[in-house]
Amino acid sequence: MDTAVSVLNVTKNYGDVEALRDLSLDFPRGQLTSLLGPSGCGKTTLLKIIAGLLEPTAGNIEIDGKQITGPGEDRAFVFQDFALLPWANVLRNVSFGLELRGVAKSEREAIAEKYINNVGLTGFEKSYPHELSGGMRQRVGLARALSVDSKVLLLDEPFSAVDEQNRRKFQEDMLELVRNENKTFIFVTHSIEEAVYVSDQIAILLPRPSRVSEIIRPKGFRSAGVENIRRSKEYLDIVDQIWASLRNYVE
Amino acid sequence: MDTAVSVLNVTKNYGDVEALRDLSLDFPRGQLTSLLGPSGCGKTTLLKIIAGLLEPTAGNIEIDGKQITGPGEDRAFVFQDFALLPWANVLRNVSFGLELRGVAKSEREAIAEKYINNVGLTGFEKSYPHELSGGMRQRVGLARALSVDSKVLLLDEPFSAVDEQNRRKFQEDMLELVRNENKTFIFVTHSIEEAVYVSDQIAILLPRPSRVSEIIRPKGFRSAGVENIRRSKEYLDIVDQIWASLRNYVE
Amino acid sequence: YAAKLKIALAETPSDELAAFFVALDRARANGLDYEWTAFSDEELAIQAVLSGQMNIGFGTPYSAMQRSKAPIRIIFQLSKLKFFPVTSKKYNDLKDLDGEPILLHSRGGGTDSIANVIEDKIGIKFGKRSYVPGSSNRVVALVGGQTDATIIDLSNKNKVVKKFPDKFNVLPMFEVDSSDEALFANLDWIKENEEQVGIFVDALVSVWRDMHRDPTIISKETNPDGPIGQLPKEILAELDGFYTDAVAGGLYDPNGGGRKAAAADMEWYSAAGQLTGDPSTLNIEDFWYLAPLDAAMKK
Amino acid sequence: MTIFGYKLPGMSSLILWALIWEIVGQTGWTFFIPPLSEVIGTLIDVIGTPAFLKAIYETAYAFLAGVFFAVVIGIPVGILIGKSRLLDELILPWVNIFLSAPLTALVPVLMVLFGFGMKSIIITTTLFAIWIIILNSRAGVKQINRSLVDMARSFGASPLDAFFKIYFWAALPEILGGVRIGVIRAVKGVIIGQLLISIVGFGALFELYSNNFMMSHFWAVLIVLFALAFSLSEFLAYLERRVSYYASSR
Amino acid sequence: MNRSLFLKLLSAFIVFGTWELAGRIPVSYAFPTFFESMQALFAMTMDGSIFVAYAETLKPLTLGVAISAVSGIGLGLWIGLSSRFEWLFSPIFIVMQAAPLAALIPILVMAYGIGLTSKVFVVCIMAMPVIVLNTASAVRNTPTSIKDMGRSFLATDRDVILKIIIPAASPVIFSGLRLGISAGFIGAILSELKITPTGVGDIITYSRSIADYPSMYAAIFSIIVLAVLFLNGLERVENYLFEGNNRGYVSD
Ligand SMILES: Nc1ncnc2c1ncn2[C@@H]1O[C@H](COP(=O)(O)OP(=O)(O)OP(=O)(O)O)[C@@H](O)[C@H]1O
Ligand SMILES: Nc1ncnc2c1ncn2[C@@H]1O[C@H](COP(=O)(O)OP(=O)(O)OP(=O)(O)O)[C@@H](O)[C@H]1O
Ligand SMILES: [Mg+2]
Ligand SMILES: [Mg+2]
């Protein structure tokens with residue numbers, strides 16, 4: 001299997017707090033991998049290490065077989081706390097990633113416009129973050145990450161504040177990107193159902209200090225369609241199985 | 001039925017943006033009411049108006065039949081963006097509500113300690129918000145609101161960043177408070193499943209300008225237990241019904 | 001070749017400097033090229049000359065000459081230490097000040113040494129000495145009732161007398177020949193620029209002499225576009241009065257001070273604590289450079 | 001402030017203070033405070049005179065140059081020491097030292113290094129304005145939201161990009177506050193420079209007028225100076241209000 | 001030895017070394033070397049004159065700084081909170097900030113004499129405006145979301161000020177305080193130079209007038225050391241009071 005990102009024996013300590021211990025994990029190219037684990041187990045930490053934003057205490061990250069030294073154009077990040085520029089309006093915020101990559105103004109605004117529309121914020125281009133609701137802010141961060149068209153997308157609980165309707169739309173969009181553009185997604189979520197539905201591979205993390213306890217590869221649910229899946233027995237079984245193992249480790 | 005909080009013909013405009021229009025809704029005492037609605041429809045706005053933090057453009061709020069004029073001891077708020085004091089550690093943050101109510105230091109710290117333990121943050125009392133993960137921060141905000149022991153609790157997507165395990169625990173805790181202490185919960189969530197499981201009453205809001213489109217009173221699921229409910233047909237039906245109506249209004 | 005002569009004033013151009021600027025104008029007519037910079041106090045002017053950024057400075061840098069061993073020499077006495085004990089109506093004579101508090105410029109400054117000498121000559125002992133730098137500030141303190149006795153300069157004494165004719169007494173003082181303001185320069189520089197220094201000292205001597213004959217020549221010769229001519233008319237109107245008083249009071253020595261002033265200075269500044277060592281053993285040549293003045297006096 | 005629903009412009013309270021001044025002056029409480037009307041009269045008399053115009057020019061030139069250097073050096077230095085521990089440890093102690101050094105004490109050194117001309121006065125002005133700009137920029141950067149920094153890095157911001165697009169803006173409310181205060185201090189700095197180093201410009205006028213008890217002249221110059229300080233401070237306050245929309249939601 | 005101390009010593013070494021060299025060249029007769037100055041300081045310490053001087057200087061200084069800090073923060077809060085108060089009083093502080101103090105000293109002497117009161121005034125005029133103006137602008141920038149939180153938990157106005165606004169504004173308040181206090185030091189010296197030379201100001205003027213430059217520099221050096229120690233203490237207080245505000249450096 002073609003590996004896009006590999007995490008090799010990564011350890012991360014924050015002072016006394018040991019967040020990750022000797023964690024290794026491969027992310028196959030063109031697939032969606034979910035990270036599931038208790039709150040505070042180190043998912044955000046792992047994502048930031050992959051993004052090149054944090055130095056691991058030990059171990060390293062390889063992308064396409066090459067060790068990373070910092071952030072790169074090949075990765076885009078959706079932040080758990082959105083990380084919007086409070087002084088910039090929605091349009092500028094969404095096009096900010098492109099701005100940093102030196103795309104000309106008219107071009108990047110056209111692209112941003114498209115993604116703003118995609119996340120359902122048309123009409124709010126000129127609004128500032130403090131004039132938006134929580135879910136709207138989150139969607140701005142999502143649009144920004146999508147607009148730079150990176151090969152690897154790191155999504156830290158990207159749908160936590162959006163409504164069910166939008167969440168389902170974004171899930172479909174995401175799956176389409178996996179399917180058609182061969183993008184690699186690394187996706188943090190707390191919803192087991194969501195993970196089971198969208199993932200090619202689910203990594204279950206242990207509580208701090210975190211390692212991978214189990215890798216599950218659910219399959220075949222997508223074809224059934226969102227509507228019906230919730231009533232499918234296999235789906236419910238696998239959700240229960242994950243829930244059981246999560247609960248086990250936690251206790 | 002005994003009404004704890006009534007929202008009477010409330011309208012709220014932010015400049016040109018009309019967030020709520022002539023919204024009326026009753027919240028029965030000792031029950032849990034969920035607000036479900038698309039992102040940006042005005043749920044946070046409504047909660048802040050009930051909390052007395054925002055003035056409605058028109059209409060008013062009554063608590064126990066008396067019109068409110070501002071925040072009061074009878075209500076506690078869990079903020080969507082957590083609103084922690086960055087300069088205060090977890091213990092101080094959790095006990096901050098009590099501190100403002102003039103509770104003596106040793107007493108409030110004892111109470112805070114209990115709620116910190118309740119939300120699973122024992123050991124992090126001395127940590128500062130910037131040293132916590134997203135979910136841990138959210139739990140600090142939750143513990144702060146619970147510790148002041150108000151009659152009405154306003155919860156703005158309080159579990160959006162916590163893991164499934166914790167979420168289920170908090171749901172049980174919340175239901176227990178409803179059952180045993182006759183507290184009134186007003187609860188914003190984007191998870192239809194969650195709303196159906198915990199609510200005595202679900203208010204479905206229309207997109208901006210928001211009004212209540214429908215009130216649903218699911219019942220009988222709690223007794224079945226969390227484990228089994230997901231496979232119950234009535235449960236799935238009602239979830240689908242809500243989903244369908246949400247989707248209708250949005251489109 | 002003659003570089004611009006750089007003069008460091010120790011105060012802004014005002015009525016007291018009018019005569020000096022008249023002399024500068026005469027020197028210019030004789031071919032002296034100069035520019036001036038005003039400093040807020042004497043110490044800065046001394047430092048500026050010490051560090052070679054200015055050629056000629058204003059002040060009495062005796063302690064700097066003795067301590068820093070810099071080859072600085074005085075070439076001309078501009079004005080004498082004419083200071084006036086001014087008091088409230090409480091006192092009528094210097095003797096009345098025995099044991100009484102007095103307000104002076106600063107410890108070790110000119111007025112402090114005047115107070116020392118007064119003590120010596122009159123045989124009294126002042127009470128507590130407090131210090132307020134700046135004659136005009138001491139006037140304010142006096143007017144404001146913060147003190148009953150102080151020592152101030154001529155121009156401020158005149159202002160007090162004029163503004164508050166019968167509120168204060170000006171006590172009679174004995175003659176003092178030592179210098180308040182003098183011109184000084186670096187010896188090496190003087191030797192390299194004998195000609196310029198000569199023109200300058202000649203002009204000064206001629207103005208000082210003319211002024212003694214007729215104090216109003218200062219206002220007549222003042223260049224209306226120069227720094228003094230630009231002063232507010234209120235000040236210009238006082239010029240004649242000021243110079244008449246000054247000449248009558250002996251503020252200016254028509255002979256440029258010279259040996260007499262130097263000897264008086266040795267005495268005075270030793271008493272004031274700015275010079276160390278027995279005044280009679282101090283060598284005048286270490287402090288004054290008299291050649292240009294001698295030459296000018298011969299003309 | 002609003003009175004009867006009418007919004008009063010920012011500095012209109014000055015009229016009130018001017019009135020108080022006039023009254024105090026009229027009572028003749030002290031000859032140091034002549035009535036404002038007299039001061040204004042004097043101002044009108046002297047403002048066109050070449051001496052006055054020259055003083056304005058000399059003062060404005062030194063002031064603007066001093067502020068310019070304070071801003072273009074102060075903001076980057078403040079931002080850099082706010083974000084980098086190494087630079088902070090190296091530079092902050094010296095900032096503290098310069099901050100607390102009585103400037104009078106530095107003057108001889110300045111004179112030795114830069115002479116007595118404009119240069120030293122400009123430097124004195126800069127020295128007055130720069131520290132608050134550095135410290136405020138530093139404070140602004142230190143409370144920056146880390147996620148923004150991470151975000152910019154993850155999208156490949158160069159250090160220069162990060163500087164101009166993140167740090168500068170995130171700290172802008174504090175920076176502007178600092179510049180506003182720095183500019184007002186620079187007014188004082190330029191006068192002190194003109195008094196301490198070489199007596200030119202407004203400094204010379206102050207010295208002259210106060211030595212000769214020409215109080216209404218003295219206050220006339222002060223008024224011009226205050227007008228300068230006020231208009232600059234109001235302009236910067238206007239800029240501050242322009243960023244206030246995000247200042248309290250960072 | 002820890003890194004921070006090492007860096008401090010290193011930079012001190014470089015600067016004092018440059019001073020020593022500059023004094024030896026010499027750049028000016030009026031510029032003593034570092035060692036000469038330190039000798040003078042040592043001499044003053046041994047004969048106790050420096051302590052006598054500081055006993056005098058610290059009176060107006062501590063009094064003025066204490067008054068400015070307390071009332072400056074108070075007024076700053078008030079100005080930041082009330083637009084009416086800002087309208088009325090912020091011009092005063094802008095005037096105070098811009099006023100050429102040296103030129104105004106005669107008025108102070110006139111009104112308050114040549115004693116402690118006018119010196120305290122000078123210290124306050126120097127120290128207060130920057131404290132007031134910085135506090136006011138910091139108060140205006142307090143995050144709304146935590147103010148809302150406070151209100152929802154029934155914070156009284158006093159609580160909001162003491163427990164939310166002040167801590168949130170503390171980094172900027174403290175930078176104003178630092179500046180104000182150091183301006184207070186300058187004010188104390190200025191008042192001793194311009195009103196009545198006592199204490200350290202007297203050492204400076206006296207040694208300057210007798211051209212004892214090493215003593216003059218020693219006195220200046222000592223006041224700077226004192227100010228720096230004081231400011232470091234202030235920083236400690238800040239870090240202790242609002243520990244969580246110190247989120248470290250982005251560079252770590
Ligand atoms: N301060 C403000 N200024 C202008 N518009 C605002 C402001 N606050 C909220 N709005 C607008 O009001 C609407 C409702 O916002 P609100 O935060 O109540 O939504 P919400 O239902 O809580 O959404 P979410 O589920 O995304 O949190 C949004 O369209 C938003 O743009
Ligand atoms: N800057 C920091 N300093 C100290 N400890 C930190 C810091 N950042 C994170 N931690 C600790 O590291 C652990 C992992 O944090 P992380 O944010 O990676 O968790 P997470 O898995 O993303 O949790 P969540 O699901 O709640 O977002 C937590 O226990 C947290 O307390
Ligand atoms: Mg996280
Ligand atoms: Mg909301």
# chains A, B, ... in the order shown; residues from 1 in each chain; ligands from 1
>>> interface_residues(of="chain C", to="chain D", cutoff="7 Å", atoms="only C-alpha atoms", output="mmCIF file with N, CA, C and O atoms, in the first residue's frame")
data_model
loop_
_atom_site.group_PDB
_atom_site.id
_atom_site.type_symbol
_atom_site.label_atom_id
_atom_site.label_comp_id
_atom_site.auth_asym_id
_atom_site.auth_seq_id
_atom_site.Cartn_x
_atom_site.Cartn_y
_atom_site.Cartn_z
ATOM 1 N N THR C 12 20.412 81.144 26.415
ATOM 2 C CA THR C 12 19.863 81.657 25.165
ATOM 3 C C THR C 12 20.210 83.129 25.024
ATOM 4 O O THR C 12 20.365 83.831 26.015
ATOM 5 N N SER C 14 19.832 86.748 25.124
ATOM 6 C CA SER C 14 18.855 87.609 25.777
ATOM 7 C C SER C 14 19.556 88.940 26.034
ATOM 8 O O SER C 14 20.690 89.145 25.611
ATOM 9 N N THR C 37 26.042 78.218 19.198
ATOM 10 C CA THR C 37 25.038 77.274 19.668
ATOM 11 C C THR C 37 24.772 77.619 21.124
ATOM 12 O O THR C 37 25.707 77.837 21.885
ATOM 13 N N ALA C 38 23.502 77.647 21.488
ATOM 14 C CA ALA C 38 23.184 77.949 22.878
ATOM 15 C C ALA C 38 23.010 76.658 23.661
ATOM 16 O O ALA C 38 22.334 75.736 23.197
ATOM 17 N N PHE C 39 23.666 76.560 24.804
ATOM 18 C CA PHE C 39 23.480 75.406 25.676
ATOM 19 C C PHE C 39 22.724 75.838 26.903
ATOM 20 O O PHE C 39 22.665 77.021 27.239
ATOM 21 N N SER C 40 22.150 74.831 27.574
ATOM 22 C CA SER C 40 21.291 75.217 28.684
ATOM 23 C C SER C 40 22.107 75.633 29.892
ATOM 24 O O SER C 40 21.640 76.389 30.711
ATOM 25 N N SER C 51 35.376 68.420 24.776
ATOM 26 C CA SER C 51 35.389 67.319 23.822
ATOM 27 C C SER C 51 35.666 67.806 22.408
ATOM 28 O O SER C 51 35.580 67.027 21.470
ATOM 29 N N GLN C 53 34.095 69.785 20.351
ATOM 30 C CA GLN C 53 33.063 70.037 19.366
ATOM 31 C C GLN C 53 32.801 71.513 19.179
ATOM 32 O O GLN C 53 32.232 71.929 18.178
ATOM 33 N N SER C 136 15.883 83.129 37.920
ATOM 34 C CA SER C 136 14.464 83.431 37.754
ATOM 35 C C SER C 136 13.626 82.512 38.646
ATOM 36 O O SER C 136 12.592 82.922 39.167
ATOM 37 N N GLN C 230 15.768 89.959 17.139
ATOM 38 C CA GLN C 230 14.541 89.177 17.008
ATOM 39 C C GLN C 230 13.803 88.998 18.327
ATOM 40 O O GLN C 230 12.721 88.433 18.351
#
>>> residues_around(residues="Glu62 in chain B", least_positions_apart="5", cutoff="6 Å", atoms="only C-alpha atoms", output="ChimeraX atom specification")
/B:5-6,67-68
>>> select_by_dssp(residues="range 17-168 of chain A", states="alpha helix (DSSP H)", output="ChimeraX atom specification")
/A:43-51,90-100,105-118,134-147,164-168
>>> write_last_selection(atoms="N, CA and C atoms", output="short mmCIF file (atom, residue, chain, number, x, y, z; two decimals), in the first residue's frame")
data_model
loop_
_atom_site.label_atom_id
_atom_site.label_comp_id
_atom_site.auth_asym_id
_atom_site.auth_seq_id
_atom_site.Cartn_x
_atom_site.Cartn_y
_atom_site.Cartn_z
N LYS A 43 -4.41 13.99 20.35
CA LYS A 43 -4.74 13.99 18.92
C LYS A 43 -4.29 15.29 18.27
N THR A 44 -4.63 16.39 18.91
CA THR A 44 -4.21 17.68 18.36
C THR A 44 -2.69 17.75 18.31
N THR A 45 -2.07 17.26 19.37
CA THR A 45 -0.61 17.25 19.40
C THR A 45 -0.05 16.48 18.21
N LEU A 46 -0.61 15.30 17.96
CA LEU A 46 -0.12 14.49 16.85
C LEU A 46 -0.31 15.23 15.52
N LEU A 47 -1.47 15.81 15.34
CA LEU A 47 -1.73 16.54 14.10
C LEU A 47 -0.74 17.69 13.91
N LYS A 48 -0.47 18.39 15.01
CA LYS A 48 0.45 19.51 14.88
C LYS A 48 1.86 19.03 14.58
N ILE A 49 2.21 17.88 15.11
CA ILE A 49 3.53 17.34 14.80
C ILE A 49 3.61 16.98 13.32
N ILE A 50 2.54 16.35 12.83
CA ILE A 50 2.54 16.00 11.40
C ILE A 50 2.59 17.27 10.54
N ALA A 51 1.89 18.30 11.01
CA ALA A 51 1.88 19.56 10.24
C ALA A 51 3.23 20.26 10.29
N VAL A 90 -14.35 37.70 6.26
CA VAL A 90 -14.43 36.30 5.84
C VAL A 90 -13.64 36.07 4.55
N LEU A 91 -13.82 36.95 3.60
CA LEU A 91 -13.15 36.78 2.32
C LEU A 91 -11.63 36.73 2.50
N ARG A 92 -11.11 37.68 3.25
CA ARG A 92 -9.66 37.72 3.47
C ARG A 92 -9.20 36.49 4.24
N ASN A 93 -9.99 36.09 5.25
CA ASN A 93 -9.63 34.92 6.04
C ASN A 93 -9.56 33.67 5.17
N VAL A 94 -10.56 33.51 4.33
CA VAL A 94 -10.58 32.30 3.51
C VAL A 94 -9.43 32.34 2.51
N SER A 95 -9.13 33.51 1.98
CA SER A 95 -8.07 33.56 0.97
C SER A 95 -6.68 33.71 1.58
N PHE A 96 -6.61 33.69 2.92
CA PHE A 96 -5.33 33.97 3.57
C PHE A 96 -4.26 32.92 3.23
N GLY A 97 -4.68 31.66 3.19
CA GLY A 97 -3.72 30.61 2.84
C GLY A 97 -3.13 30.85 1.47
N LEU A 98 -4.00 31.24 0.54
CA LEU A 98 -3.52 31.52 -0.83
C LEU A 98 -2.65 32.76 -0.86
N GLU A 99 -3.04 33.75 -0.06
CA GLU A 99 -2.26 34.98 0.01
C GLU A 99 -0.83 34.65 0.42
N LEU A 100 -0.70 33.79 1.42
CA LEU A 100 0.64 33.43 1.89
C LEU A 100 1.40 32.65 0.83
N LYS A 105 -4.24 38.64 -6.12
CA LYS A 105 -5.44 38.99 -5.36
C LYS A 105 -6.74 38.55 -6.06
N SER A 106 -6.87 38.93 -7.33
CA SER A 106 -8.14 38.63 -7.99
C SER A 106 -8.35 37.12 -8.06
N GLU A 107 -7.25 36.43 -8.34
CA GLU A 107 -7.37 34.98 -8.48
C GLU A 107 -7.75 34.34 -7.15
N ARG A 108 -7.04 34.76 -6.06
CA ARG A 108 -7.33 34.08 -4.80
C ARG A 108 -8.73 34.43 -4.29
N GLU A 109 -9.20 35.62 -4.64
CA GLU A 109 -10.55 35.94 -4.18
C GLU A 109 -11.59 35.15 -4.95
N ALA A 110 -11.30 34.90 -6.19
CA ALA A 110 -12.23 34.07 -6.95
C ALA A 110 -12.30 32.67 -6.33
N ILE A 111 -11.12 32.12 -6.04
CA ILE A 111 -11.11 30.79 -5.43
C ILE A 111 -11.83 30.82 -4.09
N ALA A 112 -11.50 31.83 -3.26
CA ALA A 112 -12.10 31.92 -1.93
C ALA A 112 -13.62 32.00 -2.06
N GLU A 113 -14.06 32.80 -2.98
CA GLU A 113 -15.50 32.96 -3.21
C GLU A 113 -16.17 31.60 -3.40
N LYS A 114 -15.49 30.79 -4.18
CA LYS A 114 -16.05 29.47 -4.49
C LYS A 114 -16.20 28.65 -3.20
N TYR A 115 -15.17 28.67 -2.38
CA TYR A 115 -15.23 27.86 -1.17
C TYR A 115 -16.16 28.45 -0.13
N ILE A 116 -16.27 29.77 -0.13
CA ILE A 116 -17.23 30.40 0.79
C ILE A 116 -18.63 29.92 0.43
N ASN A 117 -18.88 29.86 -0.85
CA ASN A 117 -20.16 29.37 -1.30
C ASN A 117 -20.34 27.91 -0.90
N ASN A 118 -19.29 27.14 -1.10
CA ASN A 118 -19.29 25.72 -0.73
C ASN A 118 -19.70 25.47 0.71
N GLY A 134 -20.62 30.51 16.09
CA GLY A 134 -19.54 29.52 16.23
C GLY A 134 -19.40 28.64 15.00
N GLY A 135 -20.52 28.10 14.55
CA GLY A 135 -20.47 27.19 13.42
C GLY A 135 -20.00 27.89 12.15
N MET A 136 -20.39 29.14 12.00
CA MET A 136 -19.97 29.88 10.81
C MET A 136 -18.47 30.10 10.83
N ARG A 137 -17.95 30.38 12.01
CA ARG A 137 -16.49 30.57 12.11
C ARG A 137 -15.77 29.30 11.73
N GLN A 138 -16.29 28.19 12.22
CA GLN A 138 -15.63 26.93 11.91
C GLN A 138 -15.61 26.71 10.40
N ARG A 139 -16.70 27.08 9.76
CA ARG A 139 -16.75 26.87 8.32
C ARG A 139 -15.76 27.77 7.57
N VAL A 140 -15.51 28.93 8.12
CA VAL A 140 -14.50 29.79 7.50
C VAL A 140 -13.13 29.08 7.52
N GLY A 141 -12.79 28.51 8.67
CA GLY A 141 -11.51 27.80 8.79
C GLY A 141 -11.43 26.62 7.83
N LEU A 142 -12.57 25.97 7.64
CA LEU A 142 -12.62 24.82 6.74
C LEU A 142 -12.39 25.29 5.30
N ALA A 143 -13.08 26.35 4.93
CA ALA A 143 -12.95 26.87 3.57
C ALA A 143 -11.51 27.29 3.30
N ARG A 144 -10.88 27.88 4.29
CA ARG A 144 -9.49 28.32 4.10
C ARG A 144 -8.58 27.14 3.80
N ALA A 145 -8.77 26.05 4.56
CA ALA A 145 -7.90 24.90 4.35
C ALA A 145 -8.17 24.24 3.01
N LEU A 146 -9.44 24.19 2.63
CA LEU A 146 -9.75 23.53 1.35
C LEU A 146 -9.22 24.35 0.18
N SER A 147 -9.22 25.65 0.32
CA SER A 147 -8.90 26.49 -0.83
C SER A 147 -7.45 26.36 -1.28
N GLU A 164 -26.13 19.33 11.68
CA GLU A 164 -26.18 18.02 11.06
C GLU A 164 -26.22 18.12 9.53
N GLN A 165 -27.03 19.00 9.07
CA GLN A 165 -27.20 19.21 7.64
C GLN A 165 -25.87 19.53 6.96
N ASN A 166 -25.19 20.52 7.50
CA ASN A 166 -23.89 20.90 6.95
C ASN A 166 -22.88 19.80 7.12
N ARG A 167 -22.91 19.16 8.27
CA ARG A 167 -21.95 18.10 8.54
C ARG A 167 -22.05 17.02 7.47
N ARG A 168 -23.27 16.65 7.16
CA ARG A 168 -23.43 15.58 6.15
C ARG A 168 -22.92 16.05 4.79
#
>>> residues_around(residues="Asp88 in chain D", least_positions_apart="4", cutoff="10 Å", atoms="only C-alpha atoms", output="list of chain:residue names")
D:Val77, D:Gly78, D:Ile79, D:Leu80, D:Ile81, D:Gly82, D:Lys83, D:Ser84, D:Leu92, D:Pro93, D:Trp94, D:Val95, D:Arg138, E:Ser4, E:Tyr249
>>> interface_residues(of="chain A", to="chain B", cutoff="7 Å", atoms="only C-alpha atoms", output="compact mmCIF listing (two decimals) with N, CA and C atoms, in the first residue's frame")
# COMPACT_ATOMS: atom_id res chain seq x y z
N PRO A 38 -9.79 9.47 23.62
CA PRO A 38 -10.36 10.31 24.67
C PRO A 38 -9.82 11.74 24.60
N SER A 39 -10.60 12.65 25.12
CA SER A 39 -10.20 14.06 25.14
C SER A 39 -8.91 14.22 25.92
N GLY A 40 -7.99 14.95 25.35
CA GLY A 40 -6.71 15.19 26.03
C GLY A 40 -5.71 14.08 25.83
N SER A 133 -21.54 33.33 13.99
CA SER A 133 -21.81 32.32 15.02
C SER A 133 -20.67 31.32 15.03
N GLY A 135 -20.52 28.10 14.55
CA GLY A 135 -20.47 27.19 13.42
C GLY A 135 -20.00 27.89 12.15
N MET A 136 -20.39 29.14 12.00
CA MET A 136 -19.97 29.88 10.81
C MET A 136 -18.47 30.10 10.83
N SER A 160 -17.26 20.02 14.51
CA SER A 160 -17.83 19.94 15.86
C SER A 160 -18.92 20.96 16.10
N ALA A 161 -18.87 22.10 15.42
CA ALA A 161 -19.83 23.14 15.74
C ALA A 161 -20.85 23.37 14.63
N VAL A 162 -20.82 22.54 13.59
CA VAL A 162 -21.79 22.77 12.52
C VAL A 162 -22.98 21.85 12.67
N ASP A 163 -24.07 22.26 12.05
CA ASP A 163 -25.28 21.49 12.20
C ASP A 163 -25.23 20.21 11.38
N GLU A 164 -26.13 19.33 11.68
CA GLU A 164 -26.18 18.02 11.06
C GLU A 164 -26.22 18.12 9.53
N GLN A 165 -27.03 19.00 9.07
CA GLN A 165 -27.20 19.21 7.64
C GLN A 165 -25.87 19.53 6.96
N HIS A 190 -14.83 13.09 17.47
CA HIS A 190 -15.26 12.36 18.65
C HIS A 190 -16.47 11.51 18.36
N SER A 191 -16.97 11.62 17.14
CA SER A 191 -18.18 10.88 16.82
C SER A 191 -17.79 9.55 16.20
N ARG A 247 -14.10 2.33 25.57
CA ARG A 247 -14.48 2.37 26.97
C ARG A 247 -13.53 1.53 27.82
>>> atom_distance(atom1="atom 18 (O, counted along the ligand's line) of ligand 2", atom2="CA of Phe82 in chain B")
17.6 Å
>>> interface_residues(of="chain D", to="chain A", cutoff="6 Å", atoms="only C-alpha atoms", output="list in words")
Ser147, Leu148, Ser154, Phe155, Ala157 and Tyr246 of chain D
>>> write_last_selection(atoms="C-alpha atoms", output="PDB file, in the first residue's frame")
ATOM      1  CA  SER D 147      -3.295  29.364  17.082  1.00  0.00           C
ATOM      2  CA  LEU D 148      -2.896  32.288  14.724  1.00  0.00           C
ATOM      3  CA  SER D 154       1.024  25.827   8.581  1.00  0.00           C
ATOM      4  CA  PHE D 155       0.095  27.787   5.483  1.00  0.00           C
ATOM      5  CA  ALA D 157       4.096  31.998   5.994  1.00  0.00           C
ATOM      6  CA  TYR D 246     -11.354  43.312  16.857  1.00  0.00           C
TER       7      TYR D 246
END
>>> closest_atom_pairs(of="chain D", to="ligand 1", cutoff="12 Å", atoms="only C-alpha atoms and all ligand atoms", output="CSV")
residue,atom,partner,partner_atom_place_in_ligand_line,distance
D:Tyr245,CA,ligand 1,1 (N),10.0
D:Tyr246,CA,ligand 1,1 (N),11.1
D:Ser248,CA,ligand 1,1 (N),11.7
D:Ser249,CA,ligand 1,1 (N),10.2
>>> interface_residues(of="chain C", to="chain E", cutoff="9 Å", atoms="only C-alpha atoms", output="ChimeraX atom specification")
/C:42-43,46-48,50-52,61-70,105-109,130-134,136-138,140-147,273-275
